[in-house]
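A.B. asks: Contents of final_0.pdb (PDB, C-alpha atoms (C1' of nucleotides)) are below:
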```
ATOM      1  CA  MET A  16      16.268  11.503  61.716
ATOM      2  CA  PRO A  17      18.667  13.652  59.823
ATOM      3  CA  GLU A  18      22.002  13.958  61.526
ATOM      4  CA  LEU A  19      24.828  16.151  60.375
ATOM      5  CA  PRO A  20      25.808  13.988  57.374
ATOM      6  CA  GLU A  21      22.317  14.075  55.931
ATOM      7  CA  VAL A  22      22.039  17.798  56.475
ATOM      8  CA  GLU A  23      25.393  18.400  54.835
ATOM      9  CA  THR A  24      24.507  16.106  51.946
ATOM     10  CA  THR A  25      21.231  17.947  51.554
ATOM     11  CA  ARG A  26      23.119  21.228  51.512
ATOM     12  CA  CYS A  27      25.320  19.940  48.684
ATOM     13  CA  GLY A  28      22.283  18.836  46.735
ATOM     14  CA  ILE A  29      20.580  22.199  47.093
ATOM     15  CA  GLU A  30      23.775  23.900  46.052
ATOM     16  CA  GLN A  31      24.103  21.799  42.928
ATOM     17  CA  THR A  32      20.428  21.979  42.044
ATOM     18  CA  ALA A  33      19.416  25.543  42.681
ATOM     19  CA  VAL A  34      22.203  27.956  43.598
ATOM     20  CA  GLY A  35      22.478  30.644  40.935
ATOM     21  CA  TYR A  36      18.865  30.338  39.801
ATOM     22  CA  PRO A  37      16.074  32.831  40.427
ATOM     23  CA  LEU A  38      13.078  31.656  42.435
ATOM     24  CA  VAL A  39       9.912  31.878  40.376
ATOM     25  CA  ASP A  40       7.314  30.343  42.697
ATOM     26  CA  MET A  41       6.946  28.971  46.202
ATOM     27  CA  PRO A  42       3.676  27.193  46.888
ATOM     28  CA  VAL A  43       3.076  26.308  50.541
ATOM     29  CA  ARG A  44       0.469  23.654  51.327
ATOM     30  CA  GLU A  45       1.030  23.265  55.046
ATOM     31  CA  ARG A  46       2.409  26.069  57.157
ATOM     32  CA  ARG A  47       2.209  24.327  60.518
ATOM     33  CA  LEU A  48       5.749  23.136  61.171
ATOM     34  CA  ARG A  49       7.723  23.633  64.415
ATOM     35  CA  TRP A  50       6.793  27.267  63.932
ATOM     36  CA  PRO A  51       4.407  28.459  61.252
ATOM     37  CA  ILE A  52       6.025  29.236  57.933
ATOM     38  CA  PRO A  53       5.708  33.028  57.598
ATOM     39  CA  GLN A  54       2.811  33.936  55.353
ATOM     40  CA  ALA A  55       4.855  36.646  53.686
ATOM     41  CA  LEU A  56       7.894  34.474  52.944
ATOM     42  CA  PRO A  57       7.168  33.674  49.278
ATOM     43  CA  ASP A  58       6.620  37.319  48.430
ATOM     44  CA  CYS A  59       9.903  38.199  50.122
ATOM     45  CA  ILE A  60      12.030  35.946  47.945
ATOM     46  CA  ILE A  61      10.203  35.287  44.663
ATOM     47  CA  GLY A  62      12.136  36.963  41.883
ATOM     48  CA  HIS A  63      15.414  36.755  43.793
ATOM     49  CA  THR A  64      18.287  34.381  43.096
ATOM     50  CA  LEU A  65      19.443  31.723  45.531
ATOM     51  CA  SER A  66      22.974  33.001  45.967
ATOM     52  CA  ALA A  67      24.321  30.343  48.316
ATOM     53  CA  CYS A  68      23.328  27.450  50.544
ATOM     54  CA  GLU A  69      25.311  27.197  53.757
ATOM     55  CA  ARG A  70      25.027  25.130  56.894
ATOM     56  CA  ARG A  71      25.353  25.995  60.597
ATOM     57  CA  GLY A  72      24.945  22.954  62.797
ATOM     58  CA  LYS A  73      21.868  21.198  61.467
ATOM     59  CA  TYR A  74      20.409  24.404  60.115
ATOM     60  CA  LEU A  75      20.472  25.089  56.380
ATOM     61  CA  LEU A  76      20.890  28.710  55.342
ATOM     62  CA  MET A  77      19.473  29.526  51.929
ATOM     63  CA  ARG A  78      20.820  32.933  51.030
ATOM     64  CA  PHE A  79      18.742  35.135  48.827
ATOM     65  CA  ASP A  80      21.053  38.121  48.597
ATOM     66  CA  PRO A  81      20.447  40.885  49.148
ATOM     67  CA  VAL A  82      16.986  40.436  50.694
ATOM     68  CA  GLY A  83      17.704  37.850  53.369
ATOM     69  CA  THR A  84      18.117  34.201  54.337
ATOM     70  CA  VAL A  85      15.695  31.301  54.613
ATOM     71  CA  ILE A  86      16.609  29.194  57.645
ATOM     72  CA  VAL A  87      15.621  25.550  57.267
ATOM     73  CA  HIS A  88      15.741  22.768  59.851
ATOM     74  CA  LEU A  89      14.789  19.209  58.942
ATOM     75  CA  GLY A  90      13.681  18.298  62.446
ATOM     76  CA  MET A  91      13.833  14.552  62.753
ATOM     77  CA  SER A  92      11.822  13.429  59.767
ATOM     78  CA  GLY A  93      12.352  16.202  57.253
ATOM     79  CA  SER A  94      13.930  15.932  53.846
ATOM     80  CA  ILE A  95      14.398  18.112  50.800
ATOM     81  CA  ARG A  96      14.290  16.509  47.391
ATOM     82  CA  SER A  97      14.697  17.694  43.878
ATOM     83  CA  CYS A  98      11.676  16.968  41.704
ATOM     84  CA  ASP A  99       9.666  18.167  38.748
ATOM     85  CA  PRO A 100       7.496  21.037  40.012
ATOM     86  CA  HIS A 101       4.403  19.355  38.593
ATOM     87  CA  THR A 102       4.962  16.066  40.374
ATOM     88  CA  MET A 103       1.885  14.982  42.328
ATOM     89  CA  TRP A 104       2.034  16.235  45.907
ATOM     90  CA  GLN A 105       2.399  13.396  48.357
ATOM     91  CA  THR A 106       1.281  13.203  51.949
ATOM     92  CA  HIS A 107       3.536  15.365  54.125
ATOM     93  CA  ASP A 108       4.945  17.335  51.192
ATOM     94  CA  HIS A 109       4.560  20.810  52.686
ATOM     95  CA  LEU A 110       6.104  23.265  50.272
ATOM     96  CA  GLN A 111       8.353  23.619  47.292
ATOM     97  CA  TRP A 112      10.752  26.154  45.883
ATOM     98  CA  VAL A 113      10.436  26.439  42.104
ATOM     99  CA  PHE A 114      13.425  27.911  40.310
ATOM    100  CA  GLU A 115      13.884  29.124  36.777
ATOM    101  CA  GLY A 116      14.327  26.319  34.282
ATOM    102  CA  GLY A 117      11.938  23.964  36.086
ATOM    103  CA  ARG A 118      14.367  23.212  38.876
ATOM    104  CA  CYS A 119      12.467  22.483  42.049
ATOM    105  CA  LEU A 120      13.129  21.578  45.670
ATOM    106  CA  ARG A 121      10.334  20.007  47.709
ATOM    107  CA  TYR A 122      10.197  19.926  51.502
ATOM    108  CA  HIS A 123       8.744  16.754  53.036
ATOM    109  CA  ASP A 124       8.323  16.245  56.784
ATOM    110  CA  PRO A 125       5.865  13.731  58.255
ATOM    111  CA  ARG A 126       6.323  14.779  61.885
ATOM    112  CA  ARG A 127       6.582  18.475  61.200
ATOM    113  CA  PHE A 128       9.350  19.009  63.774
ATOM    114  CA  GLY A 129      11.243  20.929  61.146
ATOM    115  CA  ALA A 130      11.171  24.636  60.459
ATOM    116  CA  VAL A 131      11.291  27.099  57.588
ATOM    117  CA  LEU A 132      12.048  30.576  58.886
ATOM    118  CA  TRP A 133      12.777  33.925  57.304
ATOM    119  CA  HIS A 134      15.572  36.248  58.348
ATOM    120  CA  PRO A 135      15.485  39.520  56.388
ATOM    121  CA  ALA A 136      18.819  41.186  55.759
ATOM    122  CA  THR A 137      17.496  44.235  57.597
ATOM    123  CA  ALA A 138      17.554  42.173  60.806
ATOM    124  CA  GLY A 139      21.318  41.905  60.657
ATOM    125  CA  PRO A 140      23.670  38.934  60.169
ATOM    126  CA  VAL A 141      21.803  35.652  60.012
ATOM    127  CA  LEU A 142      24.233  34.069  62.474
ATOM    128  CA  ALA A 143      22.875  36.479  65.083
ATOM    129  CA  HIS A 144      19.433  34.881  64.728
ATOM    130  CA  PRO A 145      18.236  33.587  68.116
ATOM    131  CA  ARG A 146      18.203  30.008  66.836
ATOM    132  CA  LEU A 147      21.809  30.219  65.651
ATOM    133  CA  ALA A 148      23.483  32.568  68.105
ATOM    134  CA  THR A 149      23.822  30.052  70.946
ATOM    135  CA  LEU A 150      25.121  27.156  68.876
ATOM    136  CA  GLY A 151      28.443  25.570  69.741
ATOM    137  CA  VAL A 152      31.371  25.305  67.381
ATOM    138  CA  GLU A 153      31.384  23.138  64.276
ATOM    139  CA  PRO A 154      32.785  19.688  65.098
ATOM    140  CA  LEU A 155      34.808  19.494  61.899
ATOM    141  CA  GLY A 156      36.163  23.023  62.178
ATOM    142  CA  ASP A 157      39.409  24.309  63.670
ATOM    143  CA  ALA A 158      37.661  25.758  66.712
ATOM    144  CA  PHE A 159      36.744  22.341  68.120
ATOM    145  CA  THR A 160      39.762  21.644  70.294
ATOM    146  CA  VAL A 161      40.493  19.860  73.561
ATOM    147  CA  ASP A 162      40.758  23.216  75.312
ATOM    148  CA  HIS A 163      37.419  24.359  73.904
ATOM    149  CA  LEU A 164      35.748  21.176  75.112
ATOM    150  CA  LEU A 165      37.292  21.447  78.578
ATOM    151  CA  ALA A 166      36.278  25.095  78.852
ATOM    152  CA  GLY A 167      32.753  24.157  77.785
ATOM    153  CA  VAL A 168      32.254  21.455  80.393
ATOM    154  CA  LYS A 169      33.947  23.327  83.221
ATOM    155  CA  GLY A 170      31.807  23.337  86.347
ATOM    156  CA  LYS A 171      28.925  21.495  84.708
ATOM    157  CA  SER A 172      27.222  18.825  86.733
ATOM    158  CA  LEU A 173      25.087  17.381  83.976
ATOM    159  CA  SER A 174      26.321  14.218  82.277
ATOM    160  CA  ILE A 175      28.845  14.376  79.487
ATOM    161  CA  LYS A 176      26.341  12.729  77.168
ATOM    162  CA  GLN A 177      23.736  15.401  77.772
ATOM    163  CA  ALA A 178      26.351  18.129  77.524
ATOM    164  CA  LEU A 179      27.298  16.906  74.054
ATOM    165  CA  LEU A 180      23.672  16.584  73.013
ATOM    166  CA  ALA A 181      22.796  20.101  74.156
ATOM    167  CA  GLY A 182      24.828  21.573  71.318
ATOM    168  CA  HIS A 183      26.132  24.564  73.241
ATOM    169  CA  ILE A 184      29.711  23.296  73.215
ATOM    170  CA  VAL A 185      29.779  21.572  69.840
ATOM    171  CA  VAL A 186      26.974  21.116  67.311
ATOM    172  CA  GLY A 187      25.980  18.134  65.233
ATOM    173  CA  VAL A 188      26.369  15.454  67.882
ATOM    174  CA  GLY A 189      22.916  13.896  67.842
ATOM    175  CA  ASN A 190      21.643  11.099  70.030
ATOM    176  CA  ILE A 191      23.199   8.379  67.907
ATOM    177  CA  TYR A 192      26.608   9.974  67.580
ATOM    178  CA  ALA A 193      26.770  10.958  71.254
ATOM    179  CA  SER A 194      26.616   7.283  72.221
ATOM    180  CA  GLU A 195      28.966   6.274  69.427
ATOM    181  CA  SER A 196      31.558   8.936  70.227
ATOM    182  CA  LEU A 197      31.614   8.154  73.939
ATOM    183  CA  TYR A 198      31.976   4.476  73.142
ATOM    184  CA  ARG A 199      34.870   5.212  70.834
ATOM    185  CA  ALA A 200      36.505   7.385  73.505
ATOM    186  CA  LYS A 201      35.788   4.806  76.249
ATOM    187  CA  ILE A 202      33.988   7.313  78.440
ATOM    188  CA  HIS A 203      30.953   6.476  80.576
ATOM    189  CA  PRO A 204      27.946   8.506  79.391
ATOM    190  CA  GLU A 205      26.935   9.366  82.952
ATOM    191  CA  LEU A 206      30.258  10.970  83.837
ATOM    192  CA  ALA A 207      29.657  14.483  85.158
ATOM    193  CA  ALA A 208      30.738  16.764  82.331
ATOM    194  CA  GLY A 209      32.796  18.925  84.668
ATOM    195  CA  HIS A 210      34.772  15.889  85.777
ATOM    196  CA  LEU A 211      36.010  15.154  82.280
ATOM    197  CA  SER A 212      39.775  14.827  82.549
ATOM    198  CA  ARG A 213      42.171  16.273  80.019
ATOM    199  CA  ALA A 214      43.154  12.743  79.068
ATOM    200  CA  GLN A 215      39.516  11.903  78.404
ATOM    201  CA  ALA A 216      38.997  15.089  76.442
ATOM    202  CA  LYS A 217      42.014  14.201  74.341
ATOM    203  CA  ARG A 218      40.225  10.993  73.399
ATOM    204  CA  LEU A 219      36.775  12.482  73.049
ATOM    205  CA  VAL A 220      37.581  15.253  70.587
ATOM    206  CA  PRO A 221      39.088  12.951  67.961
ATOM    207  CA  ALA A 222      36.381  10.375  68.719
ATOM    208  CA  ILE A 223      33.707  12.915  67.787
ATOM    209  CA  VAL A 224      35.624  14.133  64.769
ATOM    210  CA  GLU A 225      36.163  10.594  63.528
ATOM    211  CA  THR A 226      32.620   9.450  64.240
ATOM    212  CA  LEU A 227      31.126  12.370  62.368
ATOM    213  CA  GLY A 228      33.799  12.312  59.702
ATOM    214  CA  ASP A 229      33.268   8.618  59.028
ATOM    215  CA  ALA A 230      29.520   9.105  58.884
ATOM    216  CA  LEU A 231      29.959  12.054  56.588
ATOM    217  CA  SER A 232      32.195  10.226  54.163
ATOM    218  CA  SER A 233      30.101   7.073  54.182
ATOM    219  CA  GLY A 234      26.978   9.176  54.038
ATOM    220  CA  GLY A 235      28.562  11.143  51.280
ATOM    221  CA  SER A 236      28.968   8.029  49.219
ATOM    222  CA  THR A 237      25.679   6.456  50.214
ATOM    223  CA  LEU A 238      23.765   9.675  49.873
ATOM    224  CA  ARG A 239      25.729  11.416  47.167
ATOM    225  CA  ASP A 240      22.517  12.166  45.362
ATOM    226  CA  TYR A 241      20.424  12.463  48.469
ATOM    227  CA  VAL A 242      18.467  15.411  47.180
ATOM    228  CA  ASN A 243      17.901  13.646  43.893
ATOM    229  CA  ALA A 244      17.310  10.235  45.423
ATOM    230  CA  THR A 245      14.024   8.472  45.086
ATOM    231  CA  GLY A 246      14.450   6.009  47.948
ATOM    232  CA  GLU A 247      13.890   6.648  51.603
ATOM    233  CA  PRO A 248      16.726   8.206  53.544
ATOM    234  CA  GLY A 249      18.101   6.934  56.702
ATOM    235  CA  ALA A 250      19.190   3.507  57.590
ATOM    236  CA  TYR A 251      22.844   3.993  56.891
ATOM    237  CA  PHE A 252      23.720   5.134  60.414
ATOM    238  CA  THR A 253      22.792   1.849  61.956
ATOM    239  CA  LEU A 254      25.104   0.161  59.492
ATOM    240  CA  TYR A 255      27.997   1.793  61.240
ATOM    241  CA  ALA A 256      26.654   1.955  64.790
ATOM    242  CA  SER A 257      28.712   0.070  67.355
ATOM    243  CA  VAL A 258      26.396   0.537  70.315
ATOM    244  CA  TYR A 259      23.341   2.564  69.300
ATOM    245  CA  ASP A 260      20.212   0.387  69.371
ATOM    246  CA  LYS A 261      22.409  -2.625  70.164
ATOM    247  CA  GLN A 262      21.114  -3.424  73.635
ATOM    248  CA  GLY A 263      22.230  -6.903  74.680
ATOM    249  CA  GLU A 264      24.501  -7.397  71.698
ATOM    250  CA  PRO A 265      28.185  -8.086  72.391
ATOM    251  CA  CYS A 266      30.604  -5.184  72.460
ATOM    252  CA  LYS A 267      32.895  -5.284  69.431
ATOM    253  CA  ARG A 268      35.915  -4.792  71.668
ATOM    254  CA  CYS A 269      35.280  -7.007  74.673
ATOM    255  CA  GLY A 270      32.120  -8.997  74.046
ATOM    256  CA  THR A 271      30.258  -7.600  77.047
ATOM    257  CA  GLY A 272      26.569  -6.985  76.499
ATOM    258  CA  ILE A 273      25.727  -3.430  75.429
ATOM    259  CA  LYS A 274      23.611  -1.635  78.005
ATOM    260  CA  ARG A 275      20.741   0.790  77.445
ATOM    261  CA  ILE A 276      19.939   3.582  79.883
ATOM    262  CA  VAL A 277      17.809   6.714  79.687
ATOM    263  CA  GLN A 278      19.294  10.180  80.192
ATOM    264  CA  GLY A 279      17.138  13.259  79.902
ATOM    265  CA  GLN A 280      14.383  11.130  78.390
ATOM    266  CA  ARG A 281      16.729   9.949  75.657
ATOM    267  CA  ALA A 282      18.148   6.493  75.130
ATOM    268  CA  THR A 283      21.877   6.017  75.659
ATOM    269  CA  TYR A 284      23.833   2.887  74.755
ATOM    270  CA  PHE A 285      27.241   1.955  76.066
ATOM    271  CA  CYS A 286      29.535  -0.899  77.011
ATOM    272  CA  PRO A 287      29.606  -1.196  80.804
ATOM    273  CA  ARG A 288      33.060  -2.749  80.687
ATOM    274  CA  CYS A 289      34.843  -0.500  78.191
ATOM    275  CA  GLN A 290      33.238   2.667  79.504
ATOM    276  CA  ARG A 291      33.802   2.717  83.243
ATOM    277  CA  LEU A 292      32.682   5.508  85.514
ATOM    278  CA  LYS A 293      35.485   4.870  87.955
ATOM    279  CA  ARG A 294      38.816   3.240  87.525
ATOM    280  CA  THR A 295      38.661  -0.182  89.123
ATOM    281  CA  LYS A 296      41.502  -2.334  90.296
ATOM    282  CA  THR A 297      42.109  -5.176  87.906
ATOM    283  CA  ALA A 298      43.138  -7.682  90.505
TER     284      ALA A 298
ATOM    285  C1'  DC B  17      22.230  31.170  86.105
ATOM    286  C1'  DT B  18      21.541  25.805  85.820
ATOM    287  C1'  DT B  19      18.905  21.793  85.292
ATOM    288  C1'  DT B  20      14.721  19.175  84.441
ATOM    289  C1'  DA B  21      10.614  17.929  82.140
ATOM    290  C1'  DA B  22       6.820  18.633  78.984
ATOM    291  C1'  DC B  23       5.744  19.355  74.476
ATOM    292  C1'  DC B  24       5.265  19.379  69.315
ATOM    293  C1'  DC B  25       3.781  15.091  65.707
ATOM    294  C1'  DT B  26       3.328  10.766  63.149
ATOM    295  C1'  DG B  27       4.738   6.081  61.754
ATOM    296  C1'  DG B  28       5.876   1.859  63.318
ATOM    297  C1'  DA B  29       5.904  -1.812  66.674
ATOM    298  C1'  DG B  30       3.690  -4.719  69.826
ATOM    299  C1'  DG B  31      -0.394  -6.452  72.428
ATOM    300  C1'  DC B  32      -4.848  -8.343  72.209
TER     301       DC B  32
ATOM    302  C1'  DT C  27      -7.267  -8.558  60.097
ATOM    303  C1'  DG C  28      -7.773  -4.367  62.881
ATOM    304  C1'  DC C  29      -7.790  -1.483  66.802
ATOM    305  C1'  DC C  30      -5.469   0.400  70.689
ATOM    306  C1'  DT C  31      -1.481   1.970  73.243
ATOM    307  C1'  DC C  32       3.113   3.237  73.518
ATOM    308  C1'  DC C  33       7.277   5.081  72.043
ATOM    309  C1'  DA C  34      11.127   7.537  69.584
ATOM    310  C1'  DG C  35      13.317  11.682  68.424
ATOM    311  C1'  DG C  36      15.657  17.372  68.117
ATOM    312  C1'  DG C  37      15.169  21.276  69.961
ATOM    313  C1'  DT C  38      12.446  24.921  72.280
ATOM    314  C1'  DT C  39      10.234  26.598  76.220
ATOM    315  C1'  DA C  40       8.194  26.737  80.710
ATOM    316  C1'  DA C  41       8.930  25.527  85.203
ATOM    317  C1'  DA C  42      11.602  24.240  89.239
TER     318       DA C  42
END
```
Can you give me the file's structure in the form of structure tokens?
C.D. replies:
Amino acid sequence: MPELPEVETTRCGIEQTAVGYPLVDMPVRERRLRWPIPQALPDCIIGHTLSACERRGKYLLMRFDPVGTVIVHLGMSGSIRSCDPHTMWQTHDHLQWVFEGGRCLRYHDPRRFGAVLWHPATAGPVLAHPRLATLGVEPLGDAFTVDHLLAGVKGKSLSIKQALLAGHIVVGVGNIYASESLYRAKIHPELAAGHLSRAQAKRLVPAIVETLGDALSSGGSTLRDYVNATGEPGAYFTLYASVYDKQGEPCKRCGTGIKRIVQGQRATYFCPRCQRLKRTKTA
DNA sequence: CTTTAACCCTGGAGGC
DNA sequence: TGCCTCCAGGGTTAAA
């Protein structure tokens, strides 16, 4: 399940592997992803140079100036790896981009929740694409402030955990990091988002920044060559998880058993003692 | 508008 | 060993 660190690491790998090289071929073996890969996509970009690879939330933006941008999402099981273009196709390898000089990126996605979309330059700025236009601010950017968070949750009755997960306020906080960030900020996941106090927001913003930043730096070292790696991606989150998937295990701070609940059909983990819904009198 | 729930798909885990 | 069921998960969309 690629979270922000894996997506960012993938972006770096694509940048190092293929930016500046013309695309010479793009075989597609399986078009049925989250949405079908457009039939015409290869013809739109073959012969053009990958000019940049950017990221917006968990979306990768492969710029083929001046014709347009390929929008890639890794879903929850997708990965992009560098390989020799003649390497045997493996199960769930769905397409590859072959660049001049034998450089090649292959898209692999067992569950096919990912997407490979095409946004022609004639359709306007890629950030105006329907998938991108409603995204919240970048968590590691200047726009993610306490005031922005408070404005985003104002009047909302859904839980703070679900508000974070929705991605309309801030992007990149997946199911794992939502639990981890709230634990770090000592906020109960079921708190109504609109009831978030300024004091809580002042803890939550840095908690999110630190949680993602830590994961990014550790992911950066663990997955430095993610795109070139041969091993399976993944397990490094759990290395650093304090509560996620830790039901029944003692809280690192107070020893209380970590609790698991379900919110919006998603698992949430928290410490029932450190993360109180209401302030209780301590005798 | 806001909120909820179903859905897409497969690998892995657990039961028998 | 193998078969069956169940579940997780991000993000979109339909429905309430």
A.B. asks: When you count all atoms listed in the file, which of these residues is closest to Thr283 (chain A): A:Glu195, A:Pro265, A:Asp229, A:Tyr255?
C.D. replies: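 Going through A:Glu195, A:Pro265, A:Asp229, A:Tyr255 one by one, the smallest distance to Thr283 (chain A) is for A:Glu195.
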A.B. asks: Applied to the shown file, which residues does the PyMOL selection byres ((chain A) within 8 of (chain B)) return, written as a list in words?
C.D. replies: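 On the file shown, the PyMOL selection byres ((chain A) within 8 of (chain B)) covers Arg49, Pro125, Arg126, Arg127, Phe128, Leu173 and Gly279 of chain A.
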A.B. asks: For the selection just defined, write its residues with C-alpha atoms to a file, as a PDB file, keeping the file's coordinate frame.
C.D. replies:
```pdb
ATOM      1  CA  ARG A  49       7.723  23.633  64.415  1.00  0.00           C
ATOM      2  CA  PRO A 125       5.865  13.731  58.255  1.00  0.00           C
ATOM      3  CA  ARG A 126       6.323  14.779  61.885  1.00  0.00           C
ATOM      4  CA  ARG A 127       6.582  18.475  61.200  1.00  0.00           C
ATOM      5  CA  PHE A 128       9.350  19.009  63.774  1.00  0.00           C
ATOM      6  CA  LEU A 173      25.087  17.381  83.976  1.00  0.00           C
ATOM      7  CA  GLY A 279      17.138  13.259  79.902  1.00  0.00           C
TER       8      GLY A 279
END
```
A.B. asks: Please determine the contact residues of chain C with respect to chain A at a cut-off of 12 Å, counting only C-alpha atoms (C1' of nucleotides), and supply them as a PyMOL selection string.
C.D. replies: chain C and resi 33-38
A.B. asks: Rounded to one decimal in Å, what is the spacing between CA of Leu65 (chain A) and CA of Val87 (chain A)?
C.D. replies: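 These atoms are spaced 13.8 Å apart.
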A.B. asks: One number please: CA of Thr226 (chain A) to CA of Gln278 (chain A), in Å, one decimal.
C.D. replies: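 So the two atoms, CA of Thr226 (chain A) and CA of Gln278 (chain A), lie 20.8 Å apart.
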A.B. asks: Write out as JSON, numbers by chain the residues lying within 7 Å of region 101-108 of chain A, counting only C-alpha atoms (C1' of nucleotides) and excluding same-chain residues fewer than 4 positions away.
C.D. replies: {"A": [121, 122, 123, 124, 125]}
A.B. asks: Go ahead and compute the interatomic distance for CA of Gly117 (chain A) and CA of Pro37 (chain A), in Å to one decimal.
C.D. replies: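 The value is 10.7 Å.
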A.B. asks: Taking the file as shown, find all residues satisfying the PyMOL selection byres ((chain A and resi 198-203) around 7) and write them as a list of chain:residue names.
C.D. replies: A:Ser194, A:Glu195, A:Ser196, A:Leu197, A:Pro204, A:Glu205, A:Leu206, A:Arg218, A:Leu219, A:Ala222, A:Phe285, A:Cys289, A:Gln290, A:Arg291, A:Leu292
A.B. asks: For the residues in the current selection, export C-alpha atoms as an mmCIF file, in the frame of the given file.
C.D. replies:
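As written to disk, result-v7.cif reads:
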```cif
data_model
loop_
_atom_site.group_PDB
_atom_site.id
_atom_site.type_symbol
_atom_site.label_atom_id
_atom_site.label_comp_id
_atom_site.auth_asym_id
_atom_site.auth_seq_id
_atom_site.Cartn_x
_atom_site.Cartn_y
_atom_site.Cartn_z
ATOM 1 C CA SER A 194 26.616 7.283 72.221
ATOM 2 C CA GLU A 195 28.966 6.274 69.427
ATOM 3 C CA SER A 196 31.558 8.936 70.227
ATOM 4 C CA LEU A 197 31.614 8.154 73.939
ATOM 5 C CA PRO A 204 27.946 8.506 79.391
ATOM 6 C CA GLU A 205 26.935 9.366 82.952
ATOM 7 C CA LEU A 206 30.258 10.970 83.837
ATOM 8 C CA ARG A 218 40.225 10.993 73.399
ATOM 9 C CA LEU A 219 36.775 12.482 73.049
ATOM 10 C CA ALA A 222 36.381 10.375 68.719
ATOM 11 C CA PHE A 285 27.241 1.955 76.066
ATOM 12 C CA CYS A 289 34.843 -0.500 78.191
ATOM 13 C CA GLN A 290 33.238 2.667 79.504
ATOM 14 C CA ARG A 291 33.802 2.717 83.243
ATOM 15 C CA LEU A 292 32.682 5.508 85.514
#
```
A.B. asks: Could you check which residues have any atom within 12 Å of (19.4, 27.6, 40.5), counting all atoms listed in the file with coordinates taken straight from the file, and then list them as number ranges by chain?
C.D. replies: A: 28-39, 62-68, 77-79, 97, 112-120
A.B. asks: Could you write those residues out with C-alpha atoms, as a PDB file, keeping the file's coordinate frame?
C.D. replies:
```
ATOM      1  CA  GLY A  28      22.283  18.836  46.735  1.00  0.00           C
ATOM      2  CA  ILE A  29      20.580  22.199  47.093  1.00  0.00           C
ATOM      3  CA  GLU A  30      23.775  23.900  46.052  1.00  0.00           C
ATOM      4  CA  GLN A  31      24.103  21.799  42.928  1.00  0.00           C
ATOM      5  CA  THR A  32      20.428  21.979  42.044  1.00  0.00           C
ATOM      6  CA  ALA A  33      19.416  25.543  42.681  1.00  0.00           C
ATOM      7  CA  VAL A  34      22.203  27.956  43.598  1.00  0.00           C
ATOM      8  CA  GLY A  35      22.478  30.644  40.935  1.00  0.00           C
ATOM      9  CA  TYR A  36      18.865  30.338  39.801  1.00  0.00           C
ATOM     10  CA  PRO A  37      16.074  32.831  40.427  1.00  0.00           C
ATOM     11  CA  LEU A  38      13.078  31.656  42.435  1.00  0.00           C
ATOM     12  CA  VAL A  39       9.912  31.878  40.376  1.00  0.00           C
ATOM     13  CA  GLY A  62      12.136  36.963  41.883  1.00  0.00           C
ATOM     14  CA  HIS A  63      15.414  36.755  43.793  1.00  0.00           C
ATOM     15  CA  THR A  64      18.287  34.381  43.096  1.00  0.00           C
ATOM     16  CA  LEU A  65      19.443  31.723  45.531  1.00  0.00           C
ATOM     17  CA  SER A  66      22.974  33.001  45.967  1.00  0.00           C
ATOM     18  CA  ALA A  67      24.321  30.343  48.316  1.00  0.00           C
ATOM     19  CA  CYS A  68      23.328  27.450  50.544  1.00  0.00           C
ATOM     20  CA  MET A  77      19.473  29.526  51.929  1.00  0.00           C
ATOM     21  CA  ARG A  78      20.820  32.933  51.030  1.00  0.00           C
ATOM     22  CA  PHE A  79      18.742  35.135  48.827  1.00  0.00           C
ATOM     23  CA  SER A  97      14.697  17.694  43.878  1.00  0.00           C
ATOM     24  CA  TRP A 112      10.752  26.154  45.883  1.00  0.00           C
ATOM     25  CA  VAL A 113      10.436  26.439  42.104  1.00  0.00           C
ATOM     26  CA  PHE A 114      13.425  27.911  40.310  1.00  0.00           C
ATOM     27  CA  GLU A 115      13.884  29.124  36.777  1.00  0.00           C
ATOM     28  CA  GLY A 116      14.327  26.319  34.282  1.00  0.00           C
ATOM     29  CA  GLY A 117      11.938  23.964  36.086  1.00  0.00           C
ATOM     30  CA  ARG A 118      14.367  23.212  38.876  1.00  0.00           C
ATOM     31  CA  CYS A 119      12.467  22.483  42.049  1.00  0.00           C
ATOM     32  CA  LEU A 120      13.129  21.578  45.670  1.00  0.00           C
TER      33      LEU A 120
END
```
A.B. asks: Any chance you could resolve the PyMOL selection byres ((chain A and resi 141) around 12) against this file and give the residues as a PyMOL selection string?
C.D. replies: chain A and resi 69-71+74-80+82-86+132-140+142-148
A.B. asks: Any chance you can output those residues with C-alpha atoms as a short mmCIF file (atom, residue, chain, number, x, y, z; two decimals), keeping the file's coordinate frame?
C.D. replies:
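Wrote out.cif, looks like this:
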```
data_model
loop_
_atom_site.label_atom_id
_atom_site.label_comp_id
_atom_site.auth_asym_id
_atom_site.auth_seq_id
_atom_site.Cartn_x
_atom_site.Cartn_y
_atom_site.Cartn_z
CA GLU A 69 25.31 27.20 53.76
CA ARG A 70 25.03 25.13 56.89
CA ARG A 71 25.35 26.00 60.60
CA TYR A 74 20.41 24.40 60.12
CA LEU A 75 20.47 25.09 56.38
CA LEU A 76 20.89 28.71 55.34
CA MET A 77 19.47 29.53 51.93
CA ARG A 78 20.82 32.93 51.03
CA PHE A 79 18.74 35.14 48.83
CA ASP A 80 21.05 38.12 48.60
CA VAL A 82 16.99 40.44 50.69
CA GLY A 83 17.70 37.85 53.37
CA THR A 84 18.12 34.20 54.34
CA VAL A 85 15.70 31.30 54.61
CA ILE A 86 16.61 29.19 57.64
CA LEU A 132 12.05 30.58 58.89
CA TRP A 133 12.78 33.92 57.30
CA HIS A 134 15.57 36.25 58.35
CA PRO A 135 15.48 39.52 56.39
CA ALA A 136 18.82 41.19 55.76
CA THR A 137 17.50 44.24 57.60
CA ALA A 138 17.55 42.17 60.81
CA GLY A 139 21.32 41.90 60.66
CA PRO A 140 23.67 38.93 60.17
CA LEU A 142 24.23 34.07 62.47
CA ALA A 143 22.88 36.48 65.08
CA HIS A 144 19.43 34.88 64.73
CA PRO A 145 18.24 33.59 68.12
CA ARG A 146 18.20 30.01 66.84
CA LEU A 147 21.81 30.22 65.65
CA ALA A 148 23.48 32.57 68.10
#
```
